[in-house]
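K.L.:
This is the structure I have questions about; it appears just below.
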Amino acid sequence: MTTINRRRFLYGLGGITVGLPFLTKLSLTEAMAAAPTHPKRLLMLSYPMGMATEMFKPSAAGSSFNLPYISAPLEPFKSSCLFVTGCDMAVTFLNKQHHYGHPGKKEAALTGTLLQEAFGGDRSNQRSNVLDNREGADRGGPNGASVCHYIGSQLRQAHHSRSSIDLGINGNPARNRDDMPSDFYFEGAANPVTMQCNPSRALHALFGPADQGQQAQEAMRALRRKNKSVLDAVRASFTDLRQGLDAPDRATLDDHADRLRQIELDIDTMRQCVAPPNIPGAREPDASWDPFRGESMRTLGEMQQRILGHAIACDMAPVGRLEYFEQQNPRFGVNSIDQAIQSWNAIDSSQGWHAMVHGDPSPIDGISTRPKGGGATYAPYLLDGYRFFVQQLASLLQTLKDTPEGPDGQSALDHTLVVMASDYGNGDGHRSAKTNWVLAGNTGGAKNGFHMDCAPGKGFWDASDYHTNHMLTSIIQMFDIKDASGAPINEFGLRGFSQGPINPLFG
Amino acid sequence: MMATPHRQPRQSSFVISVACLTALALGQGCSARLSTQDLADSPNKPPITAKNNASGKENNKPDLPLSPDAAPQPLRRISSDQYHLILSDLFPQTLSARLLERSIFPETLITQGFSTDADANRVSTSESNRIEDNAERMSATLLDEADSLYPLTSDCVPSGFNDAQLDSCVEALLDETFTRAYRRPLTAQERQLAQDLYESVRADQGSRVAWASLHQLLLQAPALLYRTERGEGPAPSNPELLRLSDWEMASRLSFFFLNSGPDDELWQAAERGELKTPAQIEAQAQRLVKSPRAQHAMATFHRDWLKLYQLKGANREGLTLDDQTRQALLGESQALIEHLMAKGDGNLETLLGTDELPVAAPLAQLYGVPNADGSVVTMPNRRGLLSTVSFAMTHSKSSSTNPIERGVFLLRDVICVYVPPLPGGVDTQGPLKSAAHHPTARLRLAPLTERADCKGCHLRINPPGLAFENFDHVGRFREQEKNAPIDASGTLEEGNIKLTFSGPSELLEGLAKSRQVHDCYARQWFRFSTGRLETDADAYTLKTLSDTFWDAQGDLSELMVQLTQTEAFLYRRPHAQDAQE
C-alpha cells in the first residue's frame, strides 16, 4: 500500500492548497504534544461468522506466544497487539431466542445488549427488563448504541469535521447497494450506522473532487455550492416552521435541523482537507455502484482502507469503521477460497462460505471443512478465508504505521486504538461463546504484545471468566474516559449486567 | 351520525393491571383476577399516559370522569409510504415513476405500533442524511433529464423551454407544486426563501440548475416532511382544546383516508373555509371513505396491527419466500378488505369470521387450493383475517409455530387485555425440559399450565395460542403434528368474553362477534389515526368511538368516518406550559 504522507495534505497535491490554515494549526498543535498516553481515535474492523479459533488463538497466554496460521499475518505487529480470546458474549445468553443462529449476535457484539423485542417492562436497556421477558423475540434493533459511537461522542473535538468515517466492503457480487445499514455499529437503539460501500461515493463524500482536471473539479465545486445553498434554505425553513409551535414540537424540528448541520460541516470540510488519494477506479464523481459490483473484498478493502487512511491523516474524525459484509458467498479475492466457493456452488447453490464455516461436508468429497464429522483437519481454503480478515487488519495497521503523526517519528498507529471484532467465537456452531478480539496500536495503558485467555482450560460450554461487556468497558477505559464525577466508566451496554473491565489487561 | 355519548363515569379501567401485578407480587400469578365487568373495560396496557403505557407498571388512578377532551398530539414526520404517495400525487405519473425509481428515502421501520406513529418517524442522523441524499439524487435526475422532465414539473414549463421561460415559471411552481406539497399556502417567508435560493443559484450556475435546486429544497422541506399543527380558536366542547385551521384539518383527513396530502375536493373545501364544523368534516369523511385509496389506508392499518411487515425480511424453513410470495402475503389483508367492501359486507364480524378468502396464486400451495388466481375460495377450516397464512406465518418461529406469541398477541392486540411480562428470574427452559419429547405443542407446553408459578398467566395465554396450532409455521392447515392429533380446543375467559371452542374456527367466530374485540379494534384505529398511544384525556373519545362502532354493527367505513368526529381528531390540545413561543 502506498505510504500516505501528512505533508501531502499540508502542502497540497497537484497545486491545490486550499485549507492550509486548518491543517497548519493542527500540525502545530501536534508538534507540541507529548507522546500520547491514551489513544485519540478508535478504528473498528468488523466481519461476520467468527473464527476457526484453534488456528487463530495464540499458542499461550501471556507475553510469550506464537501465532498460528490465521493470525500469523499480524507477526510484524505482534508487539503492538493485544489478543483477547475466549470471551463469552454472555448478554445474548439472557434470552433464549438469542442463543443460537444469527439473530442478535452482530448487534450485541459492540452494543453489549440485546434486540429490542427481548425487553419487557418499559423496554429500557436494563437487565431486569430482559429477565421480565424471557419469551421476547429476537427482533428489532439492539437496545443501545455501540461502544464506538459512545467513544466517538467523548473524543470529538472542534477540529473534527465529522463524528465518524464509515466504510463498508460489500463482498456480495449480486448486491447492488452503495450504502448498507451496519449490522455491528449503531448510533442509538435500533439506529444502524450507514456504511458507504461505494469507494467513489466515499471518496467524494469525504474529499470532494478527485485530482483529475480543472473542469471536473470546477463541476464538483459548483455542485457543492448549490448543495450548500439548498441546505441553507432547508435549515432556514426549519427556523421558519418552528414559529408558533408547542415546545415539544419545536424540539423535534430542532433535533432534525441539528442533524442537518452535520451535512453542512461535511461540505465545509471538503474545502479544508485537500487532496484526495489517487485511487484507480474510484475517480468518477457520483459513480454508481456498477463498476464495483463483483469486485472482491480484497480489492474493495484496499480502496476503502486507503480512503480511511487518508481521512485519518487529515484527522477528520475520532472514529473510523470498516465493516465486511456478506456471510453467505463473499468474493474474497483469495484464490483458494474463491475457487472452493465456486466449486461448492456449482453443485449446490445453497452451499458456500456459510456452509464451510459451519463445518459442513464438502459436496465434492464429503469431507468436513473442520475436524469433525469425518474431517481430520481444517480445509486449507477455510483457513485462508479467515486469514483474509486478519490480513486486512494487518494492512490497516501498516497504513497507520506509514502515516506520520506527532513528533519524533510517531505514526498514526501510536495515536489510534484498532479493534477487530466478529459475531461468533468459533464459527461452526454460530454461537456467541468464546469470542476472539484483536486490539492493536495505542491500547491506552493496557498491555501490548499480550494474549489474554478469558477461559483458560475451560470447555466451550463453561462460562468464561470475562464476557464481552467487560471487553467493551475495557475499550472505554483505554481511552481514559470518565463520568461526570471523574470516575472511570465501569459499565457499558445492558445496565445492571456487568461491572468493570477485564482487569488483567491493565497494569 | 354519532350516537349520543354515554356520560356516566368510566368503570375501573386499570383495575385489572393493579390486581394482576399485585397478585404476581404475592406469588399468585394472574389467576387472581377481578370480575369480568372490570376486565371488560381493561385497556391493552394498563397505564395510559403517553410516557409509561408500555411499562406494565401499576396505575391505580381513580375512576376517570368522561368529558370531551383530547391529549396533546405530538408532531409527526410523514412515513416513507406517505412520502412516496405524496410524490405520486404531486407529479404526473411519468415523472413520479422516474423519481420513485431513484428514491433512497429512508423506510419507516417499526417493531411495534403503527408506521404512522410519531415515535416511528423520529429522524436519526443516518435518516437525516438519507433524506438529504434522496433530495439531491432526485433533483440530479431532474437536471440530467431536464429536457424531458422539466415540462412535467409544472404546466407553466413548455416543451423546448428556455432559461427565460423557466425564470418566469418560478411563481407558478411555488403556487402549485410547493403549495400542494406543503399542504397549505406558502408563508411570505417561505416564498421569499425559495425565490432567493432560485436567484442565487441562477446567478451562479444558470436557470436549469436553479430549477433543480428548488426541487431539491422541496423534496426535503420540513413543511413537506412534518405535519405541523397550531390550531386556532377554542373548541366548542372544551375551551382548553383548539380547533384546527381548515388546512390542518384537510391534512388530518387526507393522511387518515388517503395516506397522502389533500385531494382536489379537500383542497377546495379548505380554500373555502368549509372544514370547520363536525358536519363539514363528516361530509368529507363520508366521501373519502368511499375512495379506493381508503382501502389502501385500511390495508396499511392491518399490515401494522397484525405485524405483517415482519414478513418482509423473514425466512421460514421449507418455504422459498421469493418477492412474489412476499408481495402476496403482504397483500392478503387488502385483498380480503377489497372483497368485503365490494360485497357490501365490510364489517369486523365478517372480516374476522368469514370463511371466504381470496387466494393469490403464489399462496395456492399453502392454502391447498390448486390453480388459485386471486379469486375468493370458501374454506371450511379458516375464518377471516386471523386465519390467513400471512398471519400464521408472521406469528411463528422460522421452523415451528409460536403458540405463546400467538396467544399473547391475541390477548394484547385483539382483545386488548393486559398480559404482564414474564416475572424476573424465571427459568423458562427448566419447566419445559421434561415435556420436550412430546409430539404436540399442547403437551410440550403443558407444564406451563400446571406449575403454580406459571399457570396464572399461561392458563390465559395458552388456550388461544394453541387454538392456532392447526396452522403450521407457514400457515398450512394441519390436523396432526408429528403424527399425533392436534387438539386445538379450549376456553377463553377474558372480560365479557366467555368462549368454549373446539378449534380456531369457533374461536375466531366467537371473537368476531365480541363487543370487547370491537372495542379493541376501535382502540387500535385510534392509535393508527393519531400516531400515538391513548392517555387518560382520550377516555371520552375512546368511549364514544367504541359505542358508535358497536351500534354501527362493526361497519369499518363507519368506524373511519366516526373517528373523524371524536375530540381527538377534531381538535388539538396544546402541550402544557411553554406551549407557544
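Identifiers in this document derive from the order of the C-alpha cells: chains are assigned A, B, ..., residues are numbered from 1 separately in each chain, and ligands are numbered from 1 in order of occurrence.
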Counting only C-alpha atoms, which residues of chain A come no farther than 9 Å from chain B, as a PyMOL selection string?

P.N.:
chain A and resi 96+116-117+120-123+128-137+139-141+187-188+191-194+222+225-227+229-238+240-250+252-253+255-257+259-260+262-263

K.L.:
I'd like to know which residues of region 370-578 of chain B are strand (DSSP E) (by DSSP, run on the backbone); could you write them as a PyMOL selection string?

P.N.:
chain B and resi 376-378+480-481+484-485+490-494+497-501+571-572

K.L.:
Name all residues at most 10 Å from region 142-153 of chain B (count only C-alpha atoms; drop same-chain ones fewer than 5 positions away) and give them as a PDB file with N, CA and C atoms, in the first residue's frame.

P.N.:
ATOM      1  N   LEU B  90     -48.224  14.377  -6.537  1.00  0.00           N
ATOM      2  CA  LEU B  90     -47.747  15.725  -6.852  1.00  0.00           C
ATOM      3  C   LEU B  90     -47.387  15.883  -8.330  1.00  0.00           C
ATOM      4  N   PHE B  91     -46.857  14.825  -8.907  1.00  0.00           N
ATOM      5  CA  PHE B  91     -46.340  14.922 -10.278  1.00  0.00           C
ATOM      6  C   PHE B  91     -47.070  13.955 -11.204  1.00  0.00           C
ATOM      7  N   PRO B  92     -47.020  14.236 -12.508  1.00  0.00           N
ATOM      8  CA  PRO B  92     -47.575  13.280 -13.457  1.00  0.00           C
ATOM      9  C   PRO B  92     -46.880  11.923 -13.321  1.00  0.00           C
ATOM     10  N   GLN B  93     -47.573  10.889 -13.727  1.00  0.00           N
ATOM     11  CA  GLN B  93     -47.088   9.524 -13.479  1.00  0.00           C
ATOM     12  C   GLN B  93     -45.696   9.279 -14.060  1.00  0.00           C
ATOM     13  N   THR B  94     -45.437   9.795 -15.260  1.00  0.00           N
ATOM     14  CA  THR B  94     -44.135   9.555 -15.882  1.00  0.00           C
ATOM     15  C   THR B  94     -43.019  10.103 -15.002  1.00  0.00           C
ATOM     16  N   LEU B  95     -43.241  11.293 -14.482  1.00  0.00           N
ATOM     17  CA  LEU B  95     -42.204  11.923 -13.656  1.00  0.00           C
ATOM     18  C   LEU B  95     -42.102  11.254 -12.294  1.00  0.00           C
ATOM     19  N   SER B  96     -43.238  11.015 -11.654  1.00  0.00           N
ATOM     20  CA  SER B  96     -43.164  10.426 -10.309  1.00  0.00           C
ATOM     21  C   SER B  96     -42.549   9.035 -10.363  1.00  0.00           C
ATOM     22  N   ARG B  98     -40.302   7.999 -12.400  1.00  0.00           N
ATOM     23  CA  ARG B  98     -38.847   8.159 -12.568  1.00  0.00           C
ATOM     24  C   ARG B  98     -38.190   8.537 -11.231  1.00  0.00           C
ATOM     25  N   LEU B  99     -38.848   9.415 -10.488  1.00  0.00           N
ATOM     26  CA  LEU B  99     -38.284   9.837  -9.205  1.00  0.00           C
ATOM     27  C   LEU B  99     -38.331   8.705  -8.177  1.00  0.00           C
ATOM     28  N   GLU B 136     -31.163  15.306  -3.158  1.00  0.00           N
ATOM     29  CA  GLU B 136     -30.113  15.648  -4.121  1.00  0.00           C
ATOM     30  C   GLU B 136     -30.163  14.698  -5.324  1.00  0.00           C
ATOM     31  N   ARG B 137     -30.378  13.443  -5.018  1.00  0.00           N
ATOM     32  CA  ARG B 137     -30.401  12.423  -6.074  1.00  0.00           C
ATOM     33  C   ARG B 137     -31.575  12.657  -7.021  1.00  0.00           C
ATOM     34  N   PRO B 158     -43.018  24.925 -20.898  1.00  0.00           N
ATOM     35  CA  PRO B 158     -43.362  24.282 -22.171  1.00  0.00           C
ATOM     36  C   PRO B 158     -42.260  23.321 -22.631  1.00  0.00           C
ATOM     37  N   SER B 159     -42.591  22.468 -23.577  1.00  0.00           N
ATOM     38  CA  SER B 159     -41.566  21.651 -24.218  1.00  0.00           C
ATOM     39  C   SER B 159     -40.591  22.585 -24.928  1.00  0.00           C
ATOM     40  N   GLY B 160     -39.347  22.218 -24.955  1.00  0.00           N
ATOM     41  CA  GLY B 160     -38.355  23.067 -25.610  1.00  0.00           C
ATOM     42  C   GLY B 160     -38.160  24.393 -24.905  1.00  0.00           C
ATOM     43  N   PHE B 161     -38.380  24.400 -23.605  1.00  0.00           N
ATOM     44  CA  PHE B 161     -38.293  25.636 -22.809  1.00  0.00           C
ATOM     45  C   PHE B 161     -36.898  26.261 -22.897  1.00  0.00           C
ATOM     46  N   ASN B 162     -36.851  27.551 -22.609  1.00  0.00           N
ATOM     47  CA  ASN B 162     -35.551  28.212 -22.492  1.00  0.00           C
ATOM     48  C   ASN B 162     -35.402  28.796 -21.085  1.00  0.00           C
ATOM     49  N   LEU B 166     -38.123  29.348 -17.853  1.00  0.00           N
ATOM     50  CA  LEU B 166     -38.010  28.761 -16.503  1.00  0.00           C
ATOM     51  C   LEU B 166     -38.121  29.856 -15.453  1.00  0.00           C
ATOM     52  N   LEU B 173     -44.541  27.548 -10.032  1.00  0.00           N
ATOM     53  CA  LEU B 173     -44.067  26.356  -9.318  1.00  0.00           C
ATOM     54  C   LEU B 173     -44.363  26.480  -7.820  1.00  0.00           C
ATOM     55  N   GLU B 176     -48.206  26.259  -7.247  1.00  0.00           N
ATOM     56  CA  GLU B 176     -48.844  24.957  -7.481  1.00  0.00           C
ATOM     57  C   GLU B 176     -48.134  23.846  -6.700  1.00  0.00           C
ATOM     58  N   THR B 177     -46.949  23.511  -7.152  1.00  0.00           N
ATOM     59  CA  THR B 177     -46.288  22.321  -6.608  1.00  0.00           C
ATOM     60  C   THR B 177     -45.898  22.500  -5.140  1.00  0.00           C
ATOM     61  N   ARG B 208     -31.307  26.396 -15.265  1.00  0.00           N
ATOM     62  CA  ARG B 208     -31.600  24.961 -15.195  1.00  0.00           C
ATOM     63  C   ARG B 208     -31.184  24.381 -13.837  1.00  0.00           C
ATOM     64  N   VAL B 209     -30.004  24.734 -13.399  1.00  0.00           N
ATOM     65  CA  VAL B 209     -29.541  24.237 -12.098  1.00  0.00           C
ATOM     66  C   VAL B 209     -30.412  24.827 -10.990  1.00  0.00           C
ATOM     67  N   ALA B 210     -30.786  26.085 -11.152  1.00  0.00           N
ATOM     68  CA  ALA B 210     -31.623  26.731 -10.128  1.00  0.00           C
ATOM     69  C   ALA B 210     -32.984  26.035 -10.023  1.00  0.00           C
ATOM     70  N   TRP B 211     -33.536  25.638 -11.177  1.00  0.00           N
ATOM     71  CA  TRP B 211     -34.829  24.927 -11.158  1.00  0.00           C
ATOM     72  C   TRP B 211     -34.693  23.605 -10.387  1.00  0.00           C
ATOM     73  N   ALA B 212     -33.580  22.894 -10.642  1.00  0.00           N
ATOM     74  CA  ALA B 212     -33.340  21.640  -9.912  1.00  0.00           C
ATOM     75  C   ALA B 212     -33.158  21.909  -8.421  1.00  0.00           C
ATOM     76  N   SER B 213     -32.487  23.016  -8.102  1.00  0.00           N
ATOM     77  CA  SER B 213     -32.230  23.300  -6.685  1.00  0.00           C
ATOM     78  C   SER B 213     -33.536  23.604  -5.945  1.00  0.00           C
ATOM     79  N   HIS B 215     -36.325  22.141  -6.549  1.00  0.00           N
ATOM     80  CA  HIS B 215     -36.907  20.829  -6.254  1.00  0.00           C
ATOM     81  C   HIS B 215     -36.139  20.116  -5.157  1.00  0.00           C
ATOM     82  N   GLN B 216     -34.843  20.375  -5.129  1.00  0.00           N
ATOM     83  CA  GLN B 216     -34.033  19.773  -4.053  1.00  0.00           C
ATOM     84  C   GLN B 216     -34.497  20.303  -2.691  1.00  0.00           C
TER      85      GLN B 216
END

K.L.:
With only C-alpha atoms as the counted atoms, please give the residues lying no more than 9 Å from Ala436 (chain B), apart from itself and same-chain residues fewer than 5 positions off, as a list in words.

P.N.:
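Non-adjacent residues within range: Leu443, Arg444 and Leu445 of chain B.
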
K.L.:
Quick one: residues within 10 Å of Val84 (chain A), only C-alpha atoms, excluding same-chain residues fewer than 6 positions away - as a PyMOL selection string?

P.N.:
chain A and resi 57-58+61+434-439+450-454+471+502+505

K.L.:
Contacts of region 160-168 of chain A at 6 Å or less, counting only C-alpha atoms, minus same-chain residues fewer than 2 places along, as a count of residues only?

P.N.:
12

K.L.:
Please identify the helix (DSSP H, G or I) residues within region 186-261 of chain B (assignment by DSSP from backbone atoms) and present them as a VMD selection string.

P.N.:
chain B and resid 188 to 205 207 to 218 222 to 225 246 to 258

K.L.:
Do you know which residues are at most 9 Å from Leu492 (chain B) counting only C-alpha atoms, after dropping those on the same chain fewer than 5 positions away, and could you put them as a PDB file with N, CA, C and O atoms, in the first residue's frame?

P.N.:
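The result, written out as result17.pdb:
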ATOM      1  N   ARG B 460     -54.208 -18.327  30.720  1.00  0.00           N
ATOM      2  CA  ARG B 460     -54.842 -17.334  29.843  1.00  0.00           C
ATOM      3  C   ARG B 460     -54.232 -17.372  28.437  1.00  0.00           C
ATOM      4  O   ARG B 460     -54.931 -17.299  27.443  1.00  0.00           O
ATOM      5  N   PRO B 463     -54.484 -21.257  25.905  1.00  0.00           N
ATOM      6  CA  PRO B 463     -55.649 -21.708  25.129  1.00  0.00           C
ATOM      7  C   PRO B 463     -55.813 -20.973  23.789  1.00  0.00           C
ATOM      8  O   PRO B 463     -55.928 -21.639  22.748  1.00  0.00           O
ATOM      9  N   PRO B 464     -55.809 -19.630  23.764  1.00  0.00           N
ATOM     10  CA  PRO B 464     -55.947 -19.010  22.437  1.00  0.00           C
ATOM     11  C   PRO B 464     -54.746 -19.273  21.542  1.00  0.00           C
ATOM     12  O   PRO B 464     -54.889 -19.410  20.325  1.00  0.00           O
ATOM     13  N   ILE B 497     -65.791 -11.791  27.489  1.00  0.00           N
ATOM     14  CA  ILE B 497     -65.678 -12.913  26.556  1.00  0.00           C
ATOM     15  C   ILE B 497     -65.656 -14.211  27.344  1.00  0.00           C
ATOM     16  O   ILE B 497     -64.822 -14.397  28.240  1.00  0.00           O
ATOM     17  N   LYS B 498     -66.554 -15.090  27.001  1.00  0.00           N
ATOM     18  CA  LYS B 498     -66.542 -16.439  27.583  1.00  0.00           C
ATOM     19  C   LYS B 498     -66.790 -17.392  26.433  1.00  0.00           C
ATOM     20  O   LYS B 498     -67.911 -17.529  25.959  1.00  0.00           O
ATOM     21  N   LEU B 499     -65.728 -18.036  25.973  1.00  0.00           N
ATOM     22  CA  LEU B 499     -65.848 -18.882  24.790  1.00  0.00           C
ATOM     23  C   LEU B 499     -65.316 -20.270  25.084  1.00  0.00           C
ATOM     24  O   LEU B 499     -64.249 -20.420  25.684  1.00  0.00           O
ATOM     25  N   THR B 500     -66.053 -21.241  24.650  1.00  0.00           N
ATOM     26  CA  THR B 500     -65.532 -22.608  24.626  1.00  0.00           C
ATOM     27  C   THR B 500     -65.481 -23.000  23.164  1.00  0.00           C
ATOM     28  O   THR B 500     -66.461 -22.821  22.437  1.00  0.00           O
ATOM     29  N   PHE B 501     -64.349 -23.478  22.731  1.00  0.00           N
ATOM     30  CA  PHE B 501     -64.188 -23.711  21.286  1.00  0.00           C
ATOM     31  C   PHE B 501     -63.496 -25.046  21.044  1.00  0.00           C
ATOM     32  O   PHE B 501     -62.719 -25.530  21.868  1.00  0.00           O
ATOM     33  N   LEU B 507     -63.273 -20.357  17.728  1.00  0.00           N
ATOM     34  CA  LEU B 507     -62.689 -19.240  18.484  1.00  0.00           C
ATOM     35  C   LEU B 507     -62.831 -17.942  17.692  1.00  0.00           C
ATOM     36  O   LEU B 507     -63.276 -16.907  18.220  1.00  0.00           O
TER      37      LEU B 507
END

K.L.:
Work out how far CA of Arg383 (chain B) is from CA of Ala335 (chain B), in Å to one decimal.

P.N.:
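Going from CA of Ala335 (chain B) over to CA of Arg383 (chain B), I get 14.9 Å.
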
K.L.:
To one decimal place, how far is CA of Thr37 (chain A) from CA of Ala487 (chain A) in Å?

P.N.:
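Computed distance, CA of Thr37 (chain A) to CA of Ala487 (chain A), equals 17.9 Å.
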
K.L.:
Quote the spacing between CA of Asp487 (chain B) and CA of Phe468 (chain B) in Å to one decimal place.

P.N.:
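Pair CA of Asp487 (chain B) / CA of Phe468 (chain B) returns 10.0 Å.
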